[in-house]
$ cat structure.cif   # mmCIF, C-alpha atoms
data_work
#
loop_
_atom_site.label_atom_id
_atom_site.label_comp_id
_atom_site.auth_asym_id
_atom_site.auth_seq_id
_atom_site.Cartn_x
_atom_site.Cartn_y
_atom_site.Cartn_z
CA MET A 1 22.02 19.85 -45.97
CA ILE A 2 24.79 18.54 -43.72
CA GLN A 3 24.27 15.25 -41.89
CA ILE A 4 26.33 13.74 -39.09
CA GLU A 5 26.13 9.99 -38.65
CA SER A 6 28.16 6.94 -37.70
CA ILE A 7 30.04 5.12 -40.42
CA LYS A 8 28.65 1.95 -38.82
CA ARG A 9 25.36 2.76 -40.52
CA TYR A 10 27.03 1.67 -43.77
CA GLN A 11 28.60 -1.58 -42.51
CA GLY A 12 26.83 -4.46 -44.20
CA VAL A 13 24.63 -2.04 -46.16
CA LEU A 14 27.14 -0.86 -48.73
CA PRO A 15 28.81 -3.55 -50.83
CA PRO A 16 32.27 -4.24 -49.36
CA TYR A 17 34.15 -2.51 -52.17
CA LEU A 18 32.10 0.69 -51.70
CA TYR A 19 32.50 0.58 -47.92
CA HIS A 20 36.28 0.22 -48.32
CA ARG A 21 36.24 3.06 -50.84
CA LEU A 22 34.59 5.26 -48.19
CA ILE A 23 37.20 4.24 -45.59
CA ASP A 24 40.02 4.96 -48.05
CA GLN A 25 38.49 8.35 -48.86
CA LEU A 26 38.51 9.23 -45.15
CA TYR A 27 42.14 8.26 -44.89
CA ASP A 28 43.11 10.15 -48.05
CA GLN A 29 41.42 13.31 -46.76
CA THR A 30 43.30 13.08 -43.46
CA ALA A 31 46.65 11.61 -44.57
CA TYR A 32 48.34 14.96 -43.87
CA LEU A 33 47.98 14.13 -40.16
CA LYS A 34 51.13 12.00 -40.59
CA GLU A 35 53.04 15.27 -40.24
CA ASP A 36 52.11 15.41 -36.55
CA TYR A 37 51.46 11.71 -35.97
CA PRO A 38 54.02 9.61 -37.91
CA ASN A 39 52.09 6.37 -37.30
CA TYR A 40 48.74 7.82 -38.34
CA ARG A 41 48.17 5.44 -41.26
CA GLU A 42 48.81 2.34 -39.15
CA TRP A 43 46.65 3.68 -36.33
CA PHE A 44 43.80 4.61 -38.68
CA TYR A 45 43.58 1.23 -40.45
CA ASP A 46 44.92 -1.21 -37.84
CA VAL A 47 43.27 0.29 -34.75
CA GLN A 48 40.42 2.67 -35.54
CA VAL A 49 38.99 0.94 -38.62
CA ALA A 50 39.77 -2.59 -37.44
CA ASP A 51 37.84 -1.99 -34.20
CA LEU A 52 34.75 -0.54 -35.88
CA VAL A 53 33.19 -4.00 -35.49
CA THR A 54 33.26 -3.45 -31.71
CA PRO A 55 31.38 -0.88 -29.61
CA GLN A 56 34.74 0.58 -28.56
CA ARG A 57 35.45 2.53 -31.77
CA ASP A 58 33.38 4.64 -34.12
CA ILE A 59 33.85 7.22 -36.85
CA LEU A 60 31.35 10.03 -37.21
CA LEU A 61 30.95 11.48 -40.69
CA ALA A 62 29.74 14.93 -41.60
CA HIS A 63 28.57 14.82 -45.19
CA ALA A 64 26.48 16.83 -47.60
CA ASP A 65 23.89 16.05 -50.26
CA ASN A 66 22.71 12.83 -48.59
CA SER A 67 25.84 11.09 -49.85
CA PRO A 68 28.35 9.51 -47.47
CA TYR A 69 30.98 10.05 -50.17
CA ASN A 70 30.64 13.83 -49.97
CA VAL A 71 32.53 13.88 -46.66
CA ILE A 72 33.25 17.30 -45.21
CA GLY A 73 34.34 16.23 -41.74
CA MET A 74 35.25 13.24 -39.63
CA ALA A 75 35.54 12.44 -35.92
CA CYS A 76 37.15 9.25 -34.60
CA LEU A 77 35.94 8.04 -31.21
CA LYS A 78 37.26 5.62 -28.63
CA ASN A 79 34.85 4.48 -25.93
CA THR A 80 36.23 2.03 -23.39
CA PRO A 81 35.75 1.72 -19.62
CA ALA A 82 39.21 3.23 -19.18
CA GLU A 83 38.99 6.01 -21.76
CA ARG A 84 36.35 8.02 -23.57
CA LYS A 85 38.27 9.94 -26.19
CA LEU A 86 37.67 12.19 -29.14
CA CYS A 87 40.64 10.87 -31.08
CA SER A 88 40.39 13.00 -34.21
CA LEU A 89 38.19 15.76 -35.46
CA VAL A 90 38.88 17.13 -38.92
CA ILE A 91 36.75 19.59 -40.89
CA ASN A 92 37.66 20.16 -44.54
CA ASN A 93 39.01 23.64 -45.32
CA GLY A 94 36.04 24.90 -47.29
CA TYR A 95 33.62 24.10 -44.45
CA ARG A 96 35.40 25.60 -41.47
CA SER A 97 33.88 28.39 -39.38
CA LEU A 98 30.35 27.17 -40.17
CA GLY A 99 29.66 25.46 -36.82
CA ILE A 100 30.15 21.94 -38.20
CA GLY A 101 32.94 21.17 -35.73
CA GLU A 102 30.69 22.14 -32.82
CA LYS A 103 27.90 19.92 -34.17
CA MET A 104 30.35 17.03 -34.48
CA VAL A 105 31.62 17.59 -30.94
CA THR A 106 28.03 17.59 -29.69
CA ALA A 107 27.42 14.28 -31.50
CA ALA A 108 30.68 12.86 -30.09
CA ILE A 109 29.73 13.94 -26.55
CA SER A 110 26.39 12.18 -26.94
CA GLU A 111 28.01 9.03 -28.32
CA LEU A 112 30.73 8.93 -25.65
CA GLY A 113 28.37 9.74 -22.79
CA THR A 114 30.55 12.52 -21.36
CA ASP A 115 30.82 16.25 -21.88
CA ARG A 116 34.52 16.04 -21.02
CA PRO A 117 36.03 13.61 -23.54
CA PHE A 118 39.78 13.18 -23.46
CA PHE A 119 41.59 14.68 -26.43
CA THR A 120 45.00 15.98 -27.39
CA VAL A 121 46.17 18.65 -29.78
CA PRO A 122 49.62 19.79 -30.93
CA ASP A 123 50.60 23.01 -29.18
CA TYR A 124 51.08 24.96 -32.39
CA LYS A 125 47.46 24.24 -33.43
CA LEU A 126 45.93 25.36 -30.15
CA GLY A 127 44.72 28.67 -31.57
CA MET A 128 42.37 26.88 -33.96
CA PHE A 129 40.74 24.99 -31.11
CA GLN A 130 40.74 27.55 -28.32
CA PRO A 131 37.10 28.66 -28.88
CA LEU A 132 35.91 25.05 -28.71
CA ILE A 133 37.98 24.38 -25.59
CA ASN A 134 36.62 27.48 -23.86
CA ARG A 135 33.02 26.86 -24.93
CA HIS A 136 33.07 23.46 -23.22
CA ALA A 137 35.35 24.51 -20.34
CA TRP A 138 37.74 21.64 -21.03
CA GLN A 139 40.79 21.58 -18.78
CA LEU A 140 44.44 21.26 -19.75
CA GLU A 141 45.85 18.44 -17.62
CA GLN A 142 49.17 17.59 -19.29
CA ARG A 143 51.75 18.89 -21.74
CA LEU A 144 54.14 16.31 -23.22
CA HIS A 145 57.02 17.16 -25.52
CA GLY A 146 58.09 14.42 -27.92
CA TYR A 147 55.23 12.00 -27.27
CA TYR A 148 54.18 11.57 -30.92
CA ASN A 149 57.21 13.27 -32.49
CA ASP A 150 60.02 15.59 -31.45
CA ARG A 151 58.68 18.72 -33.16
CA HIS A 152 56.02 19.88 -30.74
CA SER A 153 54.34 19.34 -27.42
CA GLU A 154 51.03 17.54 -27.20
CA LEU A 155 48.45 19.30 -25.03
CA CYS A 156 46.13 16.92 -23.20
CA PHE A 157 42.66 18.02 -22.14
CA ASN A 158 40.35 16.18 -19.72
CA GLY A 159 42.91 13.41 -19.19
CA LYS A 160 46.52 12.36 -19.53
CA LEU A 161 48.55 10.26 -21.94
CA MET A 162 50.40 7.29 -20.51
CA VAL A 163 54.14 7.74 -20.87
CA THR A 164 56.13 4.52 -21.40
CA PRO A 165 59.84 3.90 -22.03
CA ASP A 166 59.12 2.92 -25.64
CA THR A 167 57.54 6.30 -26.45
CA VAL A 168 60.21 7.60 -28.79
CA PRO A 169 59.51 10.48 -31.17
CA THR A 170 60.37 10.44 -34.84
CA THR A 171 63.24 12.84 -35.49
CA THR A 172 62.04 15.58 -37.80
CA PRO A 173 63.41 19.12 -37.63
CA ARG A 174 60.86 21.86 -37.18
CA LYS A 175 60.78 25.28 -35.64
CA LYS A 176 59.50 25.00 -32.08
CA THR A 177 56.56 27.16 -31.11
CA THR A 178 54.92 28.25 -27.91
CA CYS A 179 51.29 28.72 -27.02
CA THR A 180 49.19 30.18 -24.26
CA LEU A 181 45.74 29.26 -23.02
CA THR A 182 43.31 32.13 -22.76
CA THR A 183 39.92 32.46 -21.15
CA ALA A 184 36.73 32.36 -23.16
CA THR A 185 36.29 36.13 -22.88
CA GLU A 186 39.65 36.70 -24.56
CA VAL A 187 38.92 34.53 -27.58
CA THR A 188 37.00 35.24 -30.75
CA PRO A 189 35.75 32.20 -32.68
CA SER A 190 38.05 31.40 -35.57
CA THR A 191 37.52 27.91 -36.95
CA ASP A 192 35.92 24.58 -36.26
CA ALA A 193 38.93 22.57 -37.37
CA PHE A 194 40.04 20.21 -34.67
CA LEU A 195 42.61 17.51 -34.49
CA THR A 196 43.49 14.89 -31.95
CA ARG A 197 44.49 11.29 -32.02
CA GLU A 198 45.05 8.03 -30.07
#

$ encode --input "structure.cif" --output "structure tokens"
Amino acid sequence: MIQIESIKRYQGVLPPYLYHRLIDQLYDQTAYLKEDYPNYREWFYDVQVADLVTPQRDILLAHADNSPYNVIGMACLKNTPAERKLCSLVINNGYRSLGIGEKMVTAAISELGTDRPFFTVPDYKLGMFQPLINRHAWQLEQRLHGYYNDRHSELCFNGKLMVTPDTVPTTTPRKKTTCTLTTATEVTPSTDAFLTRE
């Protein structure tokens, strides 16, 4: 049976070394996100994990077998007066297309108190998320090239990223791609994998 719950349930319950082991496992399973977000490690530990002691950040876990260590998905949330954001949603490969991503989004919507959370996705991964976007009627509000790196554009739904002069992408060559948004009637569900960040 798959459960979705906040990692905060384990703060102060698990011994510190086991809690940190769980945090490290989450990072290890998502470390590949550095390809799109060069500062992912720093953000994960220094922002998302560090702020778990506040009501402004949370990590939802999808796990099986009543064990938080059997993680099959993760969603990072940011909930501030200025921004309610689904920062990351990752479903492990073997569990995609089973509706777990939708269940995690539903839990995130409940936690954030909005059915239109802000999130971003690299343009070349849009196809994976199009069914989810259409199902919730989320709106594309901004496309930024070079915000996180110079390889792709970041598509922003239900909000916009703040552009500052110090937003400089990491130079990494990669073939540029294009994408198109389609209506819900033109899309067939493909996967529940989802990825955003902030």

$ resolve_selection --input "structure.cif" --expression "the PyMOL selection byres ((chain A and resi 74-88) around 9)" --output "JSON, numbers by chain"
{"A": [4, 26, 30, 48, 55, 56, 57, 58, 59, 60, 61, 62, 63, 71, 72, 73, 89, 90, 91, 92, 104, 105, 108, 109, 111, 112, 113, 114, 116, 117, 118, 119, 120, 159, 194, 195, 196, 197, 198]}

$ resolve_selection --input "structure.cif" --expression "the PyMOL selection byres ((chain A and resi 144) around 8)" --output "list in words"
Gln142, Arg143, His145, Gly146, Tyr147, Ser153, Glu154 and Leu155 of chain A

$ write_last_selection --input "structure.cif" --atoms "C-alpha atoms" --output "mmCIF file, keeping the file's coordinate frame"
data_model
loop_
_atom_site.group_PDB
_atom_site.id
_atom_site.type_symbol
_atom_site.label_atom_id
_atom_site.label_comp_id
_atom_site.auth_asym_id
_atom_site.auth_seq_id
_atom_site.Cartn_x
_atom_site.Cartn_y
_atom_site.Cartn_z
ATOM 1 C CA GLN A 142 49.170 17.590 -19.290
ATOM 2 C CA ARG A 143 51.750 18.890 -21.740
ATOM 3 C CA HIS A 145 57.020 17.160 -25.520
ATOM 4 C CA GLY A 146 58.090 14.420 -27.920
ATOM 5 C CA TYR A 147 55.230 12.000 -27.270
ATOM 6 C CA SER A 153 54.340 19.340 -27.420
ATOM 7 C CA GLU A 154 51.030 17.540 -27.200
ATOM 8 C CA LEU A 155 48.450 19.300 -25.030
#

$ closest_residue --input "structure.cif" --among "A:Ile7, A:Val47, A:Ile2, A:Ile133" --to "Tyr95 (chain A)" --atoms "all atoms listed in the file"
A:Ile2

$ closest_residue --input "structure.cif" --among "A:Gln11, A:Ser67, A:Tyr27, A:Asn93" --to "Val53 (chain A)" --atoms "all atoms listed in the file"
A:Gln11

$ atom_distance --input "structure.cif" --atom1 "CA of Lys8 (chain A)" --atom2 "CA of Glu102 (chain A)"
21.2 Å

$ resolve_selection --input "structure.cif" --expression "the PyMOL selection byres ((chain A and resi 38-42) around 9)" --output "list of chain:residue names"
A:Tyr27, A:Ala31, A:Leu33, A:Lys34, A:Glu35, A:Asp36, A:Tyr37, A:Trp43, A:Phe44, A:Tyr45, A:Asp46, A:Val47, A:Tyr148, A:Asn149, A:Pro169, A:Thr170, A:Arg197

$ atom_distance --input "structure.cif" --atom1 "CA of Gly99 (chain A)" --atom2 "CA of Cys156 (chain A)"
23.0 Å

$ atom_distance --input "structure.cif" --atom1 "CA of Met128 (chain A)" --atom2 "CA of Gln29 (chain A)"
18.7 Å

$ closest_residue --input "structure.cif" --among "A:Arg96, A:Thr54, A:Leu22, A:Phe157" --to "Leu126 (chain A)" --atoms "all atoms listed in the file"
A:Phe157

$ decode --input "structure.cif" --residues "region 124-135 of chain A" --atoms "all heavy atoms" --output "CSV table (one decimal), in the first residue's frame"
chain,number,residue,atom,x,y,z
A,124,TYR,N,11.7,21.1,-22.1
A,124,TYR,CA,11.9,19.8,-22.8
A,124,TYR,C,11.2,18.7,-22.0
A,124,TYR,O,11.1,17.6,-22.6
A,124,TYR,CB,13.3,19.5,-23.1
A,124,TYR,CG,14.2,19.1,-21.9
A,124,TYR,CD1,14.4,17.8,-21.6
A,124,TYR,CD2,14.7,20.1,-21.1
A,124,TYR,CE1,15.1,17.4,-20.5
A,124,TYR,CE2,15.5,19.7,-20.0
A,124,TYR,CZ,15.7,18.3,-19.7
A,124,TYR,OH,16.4,18.0,-18.6
A,125,LYS,N,10.8,18.9,-20.8
A,125,LYS,CA,10.1,17.9,-20.0
A,125,LYS,C,8.6,18.2,-20.0
A,125,LYS,O,7.8,17.4,-19.3
A,125,LYS,CB,10.6,17.9,-18.6
A,125,LYS,CG,12.0,17.3,-18.5
A,125,LYS,CD,12.5,17.2,-17.1
A,125,LYS,CE,13.9,16.6,-17.1
A,125,LYS,NZ,14.3,16.4,-15.7
A,126,LEU,N,8.1,19.1,-20.7
A,126,LEU,CA,6.7,19.5,-20.7
A,126,LEU,C,5.8,18.3,-21.0
A,126,LEU,O,4.7,18.1,-20.4
A,126,LEU,CB,6.4,20.7,-21.6
A,126,LEU,CG,4.9,21.1,-21.7
A,126,LEU,CD1,4.5,21.6,-20.3
A,126,LEU,CD2,4.7,22.2,-22.8
A,127,GLY,N,6.2,17.5,-22.0
A,127,GLY,CA,5.3,16.4,-22.4
A,127,GLY,C,5.0,15.5,-21.3
A,127,GLY,O,3.9,14.9,-21.3
A,128,MET,N,5.9,15.3,-20.4
A,128,MET,CA,5.6,14.4,-19.2
A,128,MET,C,4.5,14.9,-18.3
A,128,MET,O,3.8,14.2,-17.7
A,128,MET,CB,6.9,14.2,-18.4
A,128,MET,CG,7.9,13.4,-19.1
A,128,MET,SD,9.3,12.8,-18.0
A,128,MET,CE,9.8,14.3,-17.3
A,129,PHE,N,4.4,16.3,-18.3
A,129,PHE,CA,3.5,16.9,-17.3
A,129,PHE,C,2.3,17.4,-17.9
A,129,PHE,O,1.4,17.9,-17.2
A,129,PHE,CB,4.3,18.0,-16.6
A,129,PHE,CG,5.7,17.6,-16.2
A,129,PHE,CD1,6.8,18.3,-16.6
A,129,PHE,CD2,5.8,16.5,-15.5
A,129,PHE,CE1,8.0,18.0,-16.2
A,129,PHE,CE2,7.1,16.1,-15.1
A,129,PHE,CZ,8.2,16.8,-15.4
A,130,GLN,N,2.1,17.4,-19.2
A,130,GLN,CA,1.0,18.0,-19.9
A,130,GLN,C,-0.3,17.5,-19.4
A,130,GLN,O,-1.3,18.2,-19.1
A,130,GLN,CB,1.1,17.8,-21.4
A,130,GLN,CG,0.1,18.6,-22.2
A,130,GLN,CD,0.5,20.0,-22.3
A,130,GLN,OE1,1.5,20.3,-22.9
A,130,GLN,NE2,-0.3,20.9,-21.8
A,131,PRO,N,-0.5,16.1,-19.2
A,131,PRO,CA,-1.8,15.7,-18.7
A,131,PRO,C,-2.1,16.3,-17.3
A,131,PRO,O,-3.3,16.6,-17.1
A,131,PRO,CB,-1.6,14.1,-18.6
A,131,PRO,CG,-0.5,13.9,-19.6
A,131,PRO,CD,0.4,15.0,-19.5
A,132,LEU,N,-1.2,16.4,-16.4
A,132,LEU,CA,-1.4,17.0,-15.1
A,132,LEU,C,-1.8,18.4,-15.2
A,132,LEU,O,-2.7,18.9,-14.6
A,132,LEU,CB,-0.1,16.8,-14.3
A,132,LEU,CG,-0.2,17.3,-12.8
A,132,LEU,CD1,-1.2,16.5,-12.0
A,132,LEU,CD2,1.2,17.2,-12.2
A,133,ILE,N,-1.1,19.2,-16.1
A,133,ILE,CA,-1.4,20.6,-16.3
A,133,ILE,C,-2.8,20.8,-16.8
A,133,ILE,O,-3.5,21.6,-16.3
A,133,ILE,CB,-0.3,21.2,-17.3
A,133,ILE,CG1,1.1,21.2,-16.7
A,133,ILE,CG2,-0.8,22.5,-17.8
A,133,ILE,CD1,2.2,21.4,-17.7
A,134,ASN,N,-3.2,20.0,-17.8
A,134,ASN,CA,-4.5,20.1,-18.4
A,134,ASN,C,-5.6,19.7,-17.4
A,134,ASN,O,-6.6,20.3,-17.3
A,134,ASN,CB,-4.6,19.2,-19.6
A,134,ASN,CG,-3.8,19.8,-20.7
A,134,ASN,OD1,-3.4,20.9,-20.7
A,134,ASN,ND2,-3.5,19.0,-21.7
A,135,ARG,N,-5.3,18.6,-16.6
A,135,ARG,CA,-6.3,18.1,-15.6
A,135,ARG,C,-6.7,19.2,-14.6
A,135,ARG,O,-7.8,19.3,-14.2
A,135,ARG,CB,-5.8,16.9,-14.9
A,135,ARG,CG,-6.8,16.1,-14.1
A,135,ARG,CD,-6.2,14.8,-13.5
A,135,ARG,NE,-5.6,14.0,-14.6
A,135,ARG,CZ,-4.3,13.6,-14.6
A,135,ARG,NH1,-3.5,13.9,-13.7
A,135,ARG,NH2,-3.9,12.8,-15.6
